[in-house]
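Colleague: Structure provided below as structure tokens; questions to follow.
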Amino acid sequence: MKRILTILIVTVAWLGMSAQTPTAVLESAIRAVDRAGGITASYQVSQDGKSMSGRVAMRGSKFVMLSTEVKSWYDGKTQWTYSSATGEVNITTPTAVDLQMTNPLATLRGLKQGFIATKSKTQPAGGYAMTLVPKQRSQVKEVVLTVSTQSSLPVKADVTMRDGTRATLTISSVKTRQSLPDATFKFERSLVPEGTPVVDLR
């Protein structure tokens with residue numbers, strides 16, 4: 001009986017979301033992120049048979065992303081980015097576009113403003129998938145964004161570039177209402193190899 005009740009609740013939630021327009025679902029996702037307070041999550045990016053995984057923490061516009069290949073801190077004004085490929089930390093003052101390309105949970109407003117959303121033909125269990133195409137010609141051909149029907153938070157994004165390159169971002173283990181002090185979003189030198197040069201590009 002308990003299992004049947006759970007199935008019914010999930011079904012009702014799914015029917016409610018499936019009746020909404022893609023724009024309404026995207027707006028719900030933006031509100032869910034705004035209401036979530038401090039968020040922590042795991043993420044995985046797959047492209048050309050290679051994958052990179054890491055952790056992200058964010059609160060409002062601030063975030064920190066930590067993986068073996070790339071580490072990035074943003075305190076709302078300044079961004080510090082370490083890349084294992086360059087072996088250095090770059091300090092920048094990122095633009096809104098730069099931030100949308102960096103933070104996997106901070107792209108929603110950019111998608112709403114710069115893309116046209118339609119409901120995807122194939123819908124995953126427990127999620128609402130929408131296909132977004134840019135309003136103006138860009139390097140991105142389309143983004144298929146999946147939002148959880150339970151939390152309204154984004155859980156997956158499949159990005160196709162005009163050159164045919166494809167990448168998939170999967171978000172999991174999402175926790176909300178986390179205590180994340182301001183220091184969380186400041187560059188932490190102990191997390192990069194000793195002696196790593198820091199280059200100020202501001």
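By order in the structure tokens, chains are A, B, ...; within a chain, residues start at 1; ligands start at 1, following the order shown.
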Can you list, as a ChimeraX atom specification, every protein, DNA or RNA residue that comes within 8 Å of segment 111-127 of chain A when you count only C-alpha atoms, leaving out same-chain residues fewer than 2 positions away?
Modeller: /A:10,14,21-23,26-27,107-109,129-136,144,146-150
Colleague: Please identify all polymer residues within 7 Å of segment 77-90 of chain A, counting only C-alpha atoms, omitting same-chain residues fewer than 3 positions from it, and present them as a ChimeraX atom specification.
Modeller: /A:69-74,93-94,187,196-201
Colleague: Using only C-alpha atoms, which protein or nucleic acid residues come within 9 Å of segment 30-36 of chain A? Drop anything in the same chain fewer than 4 positions from it, and give the result as a PyMOL selection string.
Modeller: chain A and resi 25-26+59-60+105-106+108-109+151-154+175-178
Colleague: Output N, CA and C atoms for every residue in the selection just made, as a PDB file, in the first residue's frame.
Modeller:
ATOM      1  N   VAL A  25       8.492  25.637 -16.555  1.00  0.00           N
ATOM      2  CA  VAL A  25       9.354  24.683 -15.859  1.00  0.00           C
ATOM      3  C   VAL A  25      10.723  25.310 -15.609  1.00  0.00           C
ATOM      4  N   LEU A  26      11.240  26.045 -16.606  1.00  0.00           N
ATOM      5  CA  LEU A  26      12.526  26.715 -16.448  1.00  0.00           C
ATOM      6  C   LEU A  26      12.456  27.765 -15.353  1.00  0.00           C
ATOM      7  N   ARG A  59      26.091  29.432  -3.456  1.00  0.00           N
ATOM      8  CA  ARG A  59      25.127  30.188  -2.666  1.00  0.00           C
ATOM      9  C   ARG A  59      24.918  31.511  -3.375  1.00  0.00           C
ATOM     10  N   GLY A  60      23.719  31.693  -3.906  1.00  0.00           N
ATOM     11  CA  GLY A  60      23.472  32.874  -4.717  1.00  0.00           C
ATOM     12  C   GLY A  60      24.347  32.835  -5.954  1.00  0.00           C
ATOM     13  N   LEU A 105      25.297  25.007 -12.246  1.00  0.00           N
ATOM     14  CA  LEU A 105      23.990  25.296 -11.664  1.00  0.00           C
ATOM     15  C   LEU A 105      23.582  26.757 -11.823  1.00  0.00           C
ATOM     16  N   ALA A 106      24.412  27.532 -12.526  1.00  0.00           N
ATOM     17  CA  ALA A 106      24.124  28.961 -12.651  1.00  0.00           C
ATOM     18  C   ALA A 106      23.794  29.369 -14.083  1.00  0.00           C
ATOM     19  N   LEU A 108      20.857  28.759 -15.674  1.00  0.00           N
ATOM     20  CA  LEU A 108      19.424  28.776 -15.954  1.00  0.00           C
ATOM     21  C   LEU A 108      18.927  30.123 -16.463  1.00  0.00           C
ATOM     22  N   ARG A 109      19.352  31.206 -15.835  1.00  0.00           N
ATOM     23  CA  ARG A 109      18.886  32.522 -16.284  1.00  0.00           C
ATOM     24  C   ARG A 109      19.362  32.821 -17.699  1.00  0.00           C
ATOM     25  N   SER A 151      12.232  17.955  -7.295  1.00  0.00           N
ATOM     26  CA  SER A 151      12.864  19.127  -6.677  1.00  0.00           C
ATOM     27  C   SER A 151      12.832  20.376  -7.547  1.00  0.00           C
ATOM     28  N   SER A 152      12.528  20.220  -8.835  1.00  0.00           N
ATOM     29  CA  SER A 152      12.577  21.311  -9.824  1.00  0.00           C
ATOM     30  C   SER A 152      13.996  21.780 -10.097  1.00  0.00           C
ATOM     31  N   LEU A 153      15.000  21.091  -9.568  1.00  0.00           N
ATOM     32  CA  LEU A 153      16.390  21.453  -9.815  1.00  0.00           C
ATOM     33  C   LEU A 153      16.904  20.728 -11.056  1.00  0.00           C
ATOM     34  N   PRO A 154      17.835  21.335 -11.805  1.00  0.00           N
ATOM     35  CA  PRO A 154      18.396  20.683 -12.994  1.00  0.00           C
ATOM     36  C   PRO A 154      19.218  19.457 -12.608  1.00  0.00           C
ATOM     37  N   LYS A 175      22.322  18.601  -2.333  1.00  0.00           N
ATOM     38  CA  LYS A 175      21.854  18.943  -0.990  1.00  0.00           C
ATOM     39  C   LYS A 175      21.606  20.441  -0.931  1.00  0.00           C
ATOM     40  N   THR A 176      20.489  20.831  -0.332  1.00  0.00           N
ATOM     41  CA  THR A 176      20.143  22.248  -0.214  1.00  0.00           C
ATOM     42  C   THR A 176      20.203  22.685   1.247  1.00  0.00           C
ATOM     43  N   ARG A 177      20.031  23.971   1.468  1.00  0.00           N
ATOM     44  CA  ARG A 177      20.061  24.557   2.815  1.00  0.00           C
ATOM     45  C   ARG A 177      21.374  24.271   3.542  1.00  0.00           C
ATOM     46  N   GLN A 178      22.479  24.264   2.808  1.00  0.00           N
ATOM     47  CA  GLN A 178      23.778  23.988   3.399  1.00  0.00           C
ATOM     48  C   GLN A 178      24.416  25.278   3.921  1.00  0.00           C
TER      49      GLN A 178
END
Colleague: Run DSSP on the backbone and give me the residues of segment 84-196 of chain A it puts in strand (DSSP E), as a ChimeraX atom specification.
Modeller: /A:88-92,115-119,127-134,140-148,154-161,166-175
Colleague: Show me, as a PDB file with C-alpha atoms, in the first residue's frame, the residues that have an atom within 7 Å of segment 163-170 of chain A when counting only C-alpha atoms, minus same-chain residues fewer than 6 positions from it.
Modeller:
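File result27.pdb, as written:
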ATOM      1  CA  TYR A  43      28.757  16.568 -11.144  1.00  0.00           C
ATOM      2  CA  GLN A  44      30.176  14.632 -14.067  1.00  0.00           C
ATOM      3  CA  VAL A  45      31.003  15.966 -17.517  1.00  0.00           C
ATOM      4  CA  SER A  46      31.402  13.473 -20.376  1.00  0.00           C
ATOM      5  CA  GLN A  47      32.777  14.388 -23.800  1.00  0.00           C
ATOM      6  CA  VAL A 155      19.835  17.166 -13.105  1.00  0.00           C
ATOM      7  CA  LYS A 156      21.228  16.812 -16.630  1.00  0.00           C
ATOM      8  CA  ALA A 157      22.230  18.886 -19.647  1.00  0.00           C
TER       9      ALA A 157
END
Colleague: When you draw a straight line from atom CA of Ala183 of chain A to atom CA of Gly37 of chain A, how long is it in Å?
Modeller: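 Separating atom CA of Ala183 of chain A from atom CA of Gly37 of chain A is a distance of 15.9 Å.
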Colleague: Would you please give, as a ChimeraX atom specification, all residues of chain A that DSSP assigns to alpha helix (DSSP H) based on the backbone?
Modeller: /A:2-18,22-35,96-102,108-114
Colleague: Closest to Ile171 of chain A among A:Ser42, A:Thr68, A:Thr184, A:Ser28, using only C-alpha atoms?
Modeller: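 Smallest separation from Ile171 of chain A among the options: A:Ser42.
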Colleague: To one decimal place in Å, what is the distance between atom CA of Thr92 of chain A and atom CA of Asp75 of chain A?
Modeller: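 For atom CA of Thr92 of chain A relative to atom CA of Asp75 of chain A, the distance reads 11.4 Å.
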